[in-house]
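Visitor: My file is my_file_29.cif. It has mmCIF, C-alpha atoms:
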data_model
#
loop_
_atom_site.label_atom_id
_atom_site.label_comp_id
_atom_site.auth_asym_id
_atom_site.auth_seq_id
_atom_site.Cartn_x
_atom_site.Cartn_y
_atom_site.Cartn_z
CA TYR A 1 -102.10 129.31 130.85
CA ARG A 2 -99.53 131.23 132.81
CA LEU A 3 -95.75 131.09 132.77
CA LEU A 4 -94.28 130.48 136.21
CA PRO A 5 -90.79 130.92 137.62
CA LYS A 6 -88.57 127.84 137.91
CA LYS A 7 -90.45 126.18 140.75
CA GLU A 8 -93.28 123.75 141.23
CA PRO A 9 -96.23 125.05 139.16
CA SER A 10 -99.32 126.23 140.95
CA LYS A 11 -102.65 124.74 139.93
CA PHE A 12 -105.67 126.88 139.20
CA GLN A 13 -109.13 126.25 137.87
CA ILE A 14 -110.46 129.30 136.07
CA VAL A 15 -113.84 129.12 134.35
CA VAL A 16 -114.45 131.60 131.54
CA SER A 17 -117.98 132.24 130.28
CA LYS A 18 -120.10 134.98 128.78
CA GLN A 19 -121.13 135.90 132.32
CA GLY A 20 -117.59 136.38 133.63
CA LEU A 21 -114.65 134.62 135.29
CA GLU A 22 -114.81 132.13 138.16
CA GLY A 23 -111.81 131.18 140.26
CA ASP A 24 -108.88 132.94 141.86
CA ILE A 25 -108.06 135.04 138.81
CA ASP A 26 -105.94 137.54 140.79
CA ALA A 27 -103.57 134.81 141.97
CA PHE A 28 -103.58 133.20 138.53
CA LEU A 29 -102.49 136.43 136.87
CA ASP A 30 -99.81 137.24 139.44
CA VAL A 31 -97.11 136.65 136.80
CA GLU A 32 -95.27 138.60 134.10
CA THR A 33 -96.43 136.59 131.06
CA CYS A 34 -99.86 135.15 130.24
CA VAL A 35 -100.50 132.79 127.30
CA ILE A 36 -104.16 132.59 126.26
CA THR A 37 -105.21 129.53 124.26
CA LEU A 38 -108.97 129.51 124.82
CA PRO A 39 -110.46 127.70 121.78
CA PHE A 40 -112.76 129.58 119.41
CA LYS A 41 -115.33 126.78 119.40
CA ARG A 42 -117.32 125.92 116.31
CA SER A 43 -120.13 125.03 118.70
CA PHE A 44 -120.71 128.68 119.64
CA VAL A 45 -124.32 129.49 118.71
CA ASP A 46 -123.30 133.14 118.81
CA PRO A 47 -119.60 133.61 117.89
CA PHE A 48 -119.62 136.93 119.72
CA ASP A 49 -119.86 135.02 123.01
CA TYR A 50 -116.12 134.55 122.47
CA VAL A 51 -115.68 138.31 122.37
CA ALA A 52 -117.43 138.48 125.74
CA TRP A 53 -114.99 135.87 127.05
CA MET A 54 -112.01 137.92 125.89
CA ASP A 55 -113.48 141.11 127.33
CA HIS A 56 -113.67 139.50 130.78
CA VAL A 57 -110.11 138.20 130.41
CA ALA A 58 -108.89 141.62 129.23
CA ARG A 59 -110.50 143.39 132.18
CA ALA A 60 -108.73 141.03 134.55
CA LEU A 61 -105.43 141.53 132.72
CA GLU A 62 -105.78 145.32 132.96
CA LYS A 63 -105.73 145.06 136.76
CA SER A 64 -102.92 142.49 136.87
CA PRO A 65 -99.10 142.75 136.95
CA VAL A 66 -98.90 140.81 133.66
CA LYS A 67 -96.56 142.56 131.23
CA HIS A 68 -96.65 140.29 128.18
CA VAL A 69 -99.78 138.64 126.72
CA ILE A 70 -99.64 135.96 123.99
CA PHE A 71 -102.95 135.02 122.36
CA SER A 72 -103.52 132.09 120.00
CA SER A 73 -105.91 133.14 117.25
CA SER A 74 -106.60 131.39 113.93
CA THR A 75 -105.84 131.76 110.22
CA SER A 76 -109.55 131.11 109.66
CA ILE A 77 -109.82 134.88 110.07
CA TYR A 78 -108.71 135.31 106.42
CA PRO A 79 -111.16 135.15 103.49
CA LYS A 80 -112.03 131.76 101.99
CA LEU A 81 -110.87 133.00 98.61
CA ALA A 82 -107.78 132.48 96.44
CA GLY A 83 -104.81 134.48 97.64
CA HIS A 84 -101.61 134.45 99.68
CA TYR A 85 -102.62 136.13 102.94
CA ASN A 86 -100.36 138.04 105.28
CA GLU A 87 -101.05 139.78 108.57
CA THR A 88 -101.95 143.15 107.02
CA ASP A 89 -104.43 141.86 104.43
CA ALA A 90 -108.17 142.45 104.63
CA LEU A 91 -109.97 139.87 106.74
CA ALA A 92 -113.05 137.79 106.04
CA GLN A 93 -116.38 139.51 106.66
CA ASP A 94 -118.38 136.56 107.96
CA GLU A 95 -119.70 136.50 111.52
CA ARG A 96 -117.04 134.17 112.94
CA ALA A 97 -114.14 136.13 111.43
CA ASN A 98 -115.60 139.40 112.70
CA ALA A 99 -115.94 137.97 116.21
CA LEU A 100 -112.39 136.64 116.19
CA ARG A 101 -111.03 139.98 115.00
CA GLU A 102 -112.91 141.78 117.81
CA ALA A 103 -111.39 139.37 120.32
CA GLU A 104 -107.91 140.08 118.92
CA MET A 105 -108.46 143.83 119.02
CA ARG A 106 -109.72 143.74 122.60
CA LEU A 107 -106.46 142.17 123.72
CA LEU A 108 -104.28 144.30 121.43
CA SER A 109 -105.84 147.39 123.01
CA LEU A 110 -104.33 146.53 126.40
CA ASN A 111 -101.60 148.80 127.68
CA LYS A 112 -99.21 145.84 127.70
CA ARG A 113 -96.96 143.96 125.29
CA VAL A 114 -99.41 141.83 123.31
CA CYS A 115 -98.67 139.27 120.59
CA VAL A 116 -101.37 137.53 118.56
CA LEU A 117 -100.41 134.26 116.87
CA ARG A 118 -102.78 133.21 114.09
CA LEU A 119 -102.44 129.44 113.99
CA ALA A 120 -103.03 127.30 110.90
CA GLY A 121 -104.59 123.84 111.11
CA LEU A 122 -102.80 121.92 113.87
CA TRP A 123 -101.09 118.68 113.00
CA GLY A 124 -99.84 116.00 115.39
CA ALA A 125 -100.22 112.29 116.01
CA ASP A 126 -103.37 112.95 118.03
CA ARG A 127 -105.09 115.30 115.57
CA LYS A 128 -106.80 112.50 113.60
CA LEU A 129 -106.28 113.97 110.15
CA THR A 130 -106.28 110.36 108.94
CA ARG A 131 -110.08 110.45 109.20
CA MET A 132 -110.25 111.89 105.68
CA LEU A 133 -108.98 108.55 104.35
CA GLU A 134 -112.12 106.99 105.79
CA HIS A 135 -114.44 109.27 103.80
CA GLN A 136 -113.81 108.89 100.10
CA PRO A 137 -113.82 110.16 97.49
CA ILE A 138 -111.89 113.10 98.91
CA SER A 139 -113.12 116.40 97.50
CA HIS A 140 -111.04 119.29 96.15
CA PRO A 141 -107.74 117.43 95.56
CA GLN A 142 -106.00 120.64 94.39
CA LYS A 143 -106.90 122.58 97.53
CA ASN A 144 -103.80 123.99 99.25
CA LEU A 145 -103.47 123.00 102.90
CA ASN A 146 -102.40 125.44 105.59
CA LEU A 147 -101.00 123.31 108.43
CA VAL A 148 -98.57 123.61 111.31
CA TYR A 149 -97.09 120.91 113.52
CA LYS A 150 -98.12 121.28 117.17
CA ASP A 151 -94.47 121.32 118.36
CA ASP A 152 -93.84 124.27 116.03
CA VAL A 153 -96.70 126.12 117.74
CA VAL A 154 -95.10 125.56 121.14
CA SER A 155 -91.75 126.68 119.74
CA ALA A 156 -93.36 129.82 118.30
CA ILE A 157 -94.88 130.71 121.67
CA VAL A 158 -91.51 130.24 123.40
CA TRP A 159 -89.82 132.31 120.65
CA VAL A 160 -92.28 135.17 121.09
CA LEU A 161 -91.74 135.05 124.84
CA GLU A 162 -87.95 135.02 124.60
CA LYS A 163 -87.80 137.79 121.99
CA GLN A 164 -90.60 139.79 123.66
CA LEU A 165 -92.37 140.14 120.33
CA THR A 166 -95.57 142.11 119.92
CA GLY A 167 -98.08 142.47 117.10
CA VAL A 168 -99.70 139.83 114.88
CA PHE A 169 -97.97 136.83 113.30
CA ASN A 170 -99.16 133.89 111.22
CA VAL A 171 -97.93 130.49 112.40
CA VAL A 172 -98.11 128.12 109.42
CA SER A 173 -95.67 125.77 107.71
CA PRO A 174 -94.06 127.58 104.74
CA ARG A 175 -94.98 124.87 102.22
CA HIS A 176 -98.64 124.34 101.34
CA PRO A 177 -99.15 120.88 99.78
CA THR A 178 -102.37 120.06 97.99
CA ARG A 179 -104.86 117.67 99.51
CA LYS A 180 -103.88 115.16 96.84
CA GLU A 181 -100.19 115.37 97.73
CA TYR A 182 -100.93 115.21 101.42
CA TYR A 183 -103.32 112.25 101.48
CA GLU A 184 -101.33 110.24 98.95
CA SER A 185 -98.25 110.69 101.16
CA LEU A 186 -100.28 109.77 104.24
CA ALA A 187 -101.62 106.62 102.57
CA SER A 188 -98.10 105.61 101.52
CA HIS A 189 -96.83 106.17 105.06
CA LEU A 190 -99.62 104.04 106.52
CA ASN A 191 -99.12 101.42 103.79
CA VAL A 192 -102.79 101.49 102.79
CA GLU A 193 -104.52 101.75 99.42
CA GLN A 194 -104.14 105.10 97.69
CA PRO A 195 -107.21 107.35 98.14
CA VAL A 196 -109.79 108.18 95.51
CA PHE A 197 -110.39 111.86 94.75
CA GLU A 198 -113.44 113.70 93.51
CA GLU A 199 -112.41 116.13 90.80
CA ALA A 200 -113.74 119.48 91.89
CA TYR A 201 -112.30 122.96 92.20
CA ASP A 202 -113.39 126.32 93.56
CA ALA A 203 -111.79 129.70 94.20
CA SER A 204 -110.89 128.90 97.82
CA ASP A 205 -108.63 126.01 96.76
CA ALA A 206 -105.72 128.35 95.95
CA ARG A 207 -105.79 129.98 99.40
CA THR A 208 -102.50 130.06 101.33
CA VAL A 209 -101.32 131.89 104.44
CA ASN A 210 -97.92 133.61 104.50
CA PRO A 211 -95.52 132.72 107.39
CA GLU A 212 -92.75 135.15 106.43
CA ALA A 213 -93.29 137.80 109.12
CA LEU A 214 -92.44 135.42 111.96
CA ILE A 215 -89.58 133.83 109.98
CA LYS A 216 -88.03 137.29 109.48
CA THR A 217 -87.70 137.60 113.27
CA GLY A 218 -85.37 134.57 113.16
CA PHE A 219 -87.88 131.82 113.91
CA SER A 220 -87.32 128.42 112.26
CA TYR A 221 -89.92 125.71 111.71
CA GLN A 222 -89.03 122.16 112.67
CA TYR A 223 -91.42 121.03 109.93
CA PRO A 224 -91.42 123.65 107.13
CA ASP A 225 -93.00 121.06 104.81
CA PRO A 226 -96.04 119.16 106.14
CA LEU A 227 -95.10 116.18 103.99
CA GLY A 228 -92.03 115.90 106.20
CA PHE A 229 -94.35 114.84 109.01
CA PHE A 230 -94.54 111.41 107.43
CA ASP A 231 -90.80 110.87 107.81
CA SER A 232 -91.14 111.32 111.57
CA LYS A 233 -91.78 108.60 114.09
CA ARG A 234 -94.17 111.04 115.76
CA LEU A 235 -96.93 110.04 113.36
CA SER A 236 -98.87 106.96 114.44
#
Go through the file and emit its structure as structure tokens.
Guide:
Amino acid sequence: YRLLPKKEPSKFQIVVSKQGLEGDIDAFLDVETCVITLPFKRSFVDPFDYVAWMDHVARALEKSPVKHVIFSSSTSIYPKLAGHYNETDALAQDERANALREAEMRLLSLNKRVCVLRLAGLWGADRKLTRMLEHQPISHPQKNLNLVYKDDVVSAIVWVLEKQLTGVFNVVSPRHPTRKEYYESLASHLNVEQPVFEEAYDASDARTVNPEALIKTGFSYQYPDPLGFFDSKRLS
């Protein structure tokens, strides 16, 4: 995506692949701020194809007048182990996490203002998290959830842009309810039978991601508690 002045937005079709970029990338990047939200697909046979994508994007950015780059990464980059993870902690060592970190580093190496936002699991009326109620019993009821409402993600991007922030920030609701809390609240909201849980626990259940770095810049979450989603008419 690109941020345009206050005028009718231009439309571009840019195709990004391991082979390169297709489309009028020079015109597309003729702006001061570029927001990159290319999904890190689970369907990648080789996760490092994503690194190739970002390398092509970075090369184009290097030649462009863009001054500020905002990249949406993922909190999946942190280990699947118990802990409260912040932006300076050691990252997971699996193939997908390594690829995502390389993609982040490629963009952070640009001689521009670059901000990486590591997004937690997105929540919104169209995210279909209700599907878990259809597959019971629900495993790991004590697992902490790391979620963020989609409007909070948009607000975080706008905040970074307005404050010209750089560096790496987690974007995750400050409260981390358990699966049990979350799905019981969801069932109550939908007025359906309470779910059945499978009692199981492993070390990754007590894994949470710390949002404090972005909050310390003055950012406020509209939904600091994911259970507050259910009080909103946004949920269908």
Visitor: Using all atoms listed in the file, which residue out of A:Glu193, A:Lys11, A:Lys143, A:Leu100 lies closest to Lys80 of chain A?
Guide: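 Ranking A:Glu193, A:Lys11, A:Lys143, A:Leu100 by distance to Lys80 of chain A, first place goes to A:Lys143.
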Visitor: With distances taken over all atoms listed in the file, which of A:Glu95, A:Thr217, A:Asn86, A:Phe28 is nearest to Glu162 of chain A?
Guide: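 Among the listed residues, the smallest separation from Glu162 of chain A belongs to A:Thr217.
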Visitor: Using only C-alpha atoms, find the one residue out of A:Ser185, A:Ser64, A:Gln13, A:Gln194 that sits nearest to Leu110 of chain A.
Guide: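 Between A:Ser185, A:Ser64, A:Gln13, A:Gln194, the residue approaching Leu110 of chain A most closely is A:Ser64.
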Visitor: Pull out every residue that the PyMOL selection byres ((chain A and resi 116) around 7) matches in the shown coordinates and put them as a ChimeraX atom specification.
Guide: /A:70-73,114-115,117-118,167-169
Visitor: Apply the PyMOL selection byres ((chain A and resi 24) around 10) to the file shown and report the selected residues as a list in words.
Guide: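 Answer for the PyMOL selection byres ((chain A and resi 24) around 10): Phe12, Gln13, Ile14, Val15, Leu21, Glu22, Gly23, Ile25, Asp26, Ala27, Phe28 and Leu29 of chain A.
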Visitor: Mind writing the picked residues with C-alpha atoms as a PDB file, in the frame of the given file?
Guide:
ATOM      1  CA  PHE A  12    -105.670 126.880 139.200  1.00  0.00           C
ATOM      2  CA  GLN A  13    -109.130 126.250 137.870  1.00  0.00           C
ATOM      3  CA  ILE A  14    -110.460 129.300 136.070  1.00  0.00           C
ATOM      4  CA  VAL A  15    -113.840 129.120 134.350  1.00  0.00           C
ATOM      5  CA  LEU A  21    -114.650 134.620 135.290  1.00  0.00           C
ATOM      6  CA  GLU A  22    -114.810 132.130 138.160  1.00  0.00           C
ATOM      7  CA  GLY A  23    -111.810 131.180 140.260  1.00  0.00           C
ATOM      8  CA  ILE A  25    -108.060 135.040 138.810  1.00  0.00           C
ATOM      9  CA  ASP A  26    -105.940 137.540 140.790  1.00  0.00           C
ATOM     10  CA  ALA A  27    -103.570 134.810 141.970  1.00  0.00           C
ATOM     11  CA  PHE A  28    -103.580 133.200 138.530  1.00  0.00           C
ATOM     12  CA  LEU A  29    -102.490 136.430 136.870  1.00  0.00           C
TER      13      LEU A  29
END
Visitor: Set the distance at 9 Å and use all atoms listed in the file: which residues neighbour Asn98 of chain A once local chain neighbours fewer than 6 positions away are removed? I'd like the list as a list of chain:residue names.
Guide: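 Returned residues: A:Pro47, A:Phe48, A:Ile77, A:Leu91, A:Ala92.
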Visitor: Assuming the chain letters and numbering stay as they are in my file, what does the PyMOL selection byres ((chain A and resi 17) around 10) actually select? List them as a list in words.
Guide: Ile14, Val15, Val16, Lys18, Gln19, Gly20, Leu21, Glu22, Asp49, Tyr50, Ala52, Trp53, Met54, His56 and Val57 of chain A
Visitor: Counting all atoms listed in the file, figure out which residue out of A:Ile138, A:Leu161, A:Ala213, A:Ala203 gets nearest to Glu181 of chain A.
Guide: A:Ile138
Visitor: Work out how far apart atom CA of Leu190 of chain A and atom CA of Val172 of chain A are and give it in Å to one decimal.
Guide: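 It comes out at 24.3 Å.
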Visitor: Taking only C-alpha atoms into account, name the residue in A:Leu61, A:Ala120, A:Val192, A:Leu214 that is nearest to Val35 of chain A.
Guide: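 Closest to Val35 of chain A, using only C-alpha atoms: A:Leu61.
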Visitor: Using only C-alpha atoms, find the one residue out of A:Arg96, A:Asn191, A:Thr88, A:Phe229 that sits nearest to Ser43 of chain A.
Guide: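 Residue with the minimum atom-to-atom distance to Ser43 of chain A: A:Arg96.
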Visitor: May I have the residues within 10 Å of Tyr78 of chain A as a list in words, using only C-alpha atoms and disregarding those fewer than 2 positions away in the same chain?
Guide: Ser74, Thr75, Ser76, Lys80, Leu81, Gly83, His84, Tyr85, Asn86, Glu87, Asp89, Ala90, Leu91, Ala92, Gln93, Asp94, Ala97, Arg118, Arg207, Thr208 and Val209 of chain A
Visitor: Each residue of segment 29-134 of chain A lying at most 12 Å from segment 221-227 of chain A should get a row with its shortest atom-to-atom pair and the distance in Å to one decimal, counting all atoms listed in the file; could you produce that, ordered by chain and increasing number, as JSON lines?
Guide:
{"residue": "A:Ala120", "atom": "CA", "partner": "A:Pro226", "partner_atom": "CA", "distance": 11.7}
{"residue": "A:Gly121", "atom": "CA", "partner": "A:Pro226", "partner_atom": "CA", "distance": 10.9}
{"residue": "A:Leu122", "atom": "CA", "partner": "A:Pro226", "partner_atom": "CA", "distance": 10.6}
{"residue": "A:Trp123", "atom": "CA", "partner": "A:Pro226", "partner_atom": "CA", "distance": 8.5}
{"residue": "A:Gly124", "atom": "CA", "partner": "A:Pro226", "partner_atom": "CA", "distance": 10.5}
Visitor: Do you have the atom CA of Met132 of chain A-atom CA of Leu38 of chain A distance handy?
Guide: 26.0 Å
Visitor: What is the distance between atom CA of Glu212 of chain A and atom CA of Lys180 of chain A, in Å to one decimal?
Guide: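 If I compute the distance from atom CA of Glu212 of chain A to atom CA of Lys180 of chain A, I get 24.8 Å.
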Visitor: Report as lines of an AutoDock Vina configuration file the centre and the edge lengths, in Å to one decimal, of the axis-aligned box holding every listed atom of segment 81-89 of chain A, padded by 5 Å on each side.
Guide:
center_x = -105.6
center_y = 137.8
center_z = 102.5
size_x = 20.5
size_y = 20.7
size_z = 22.1
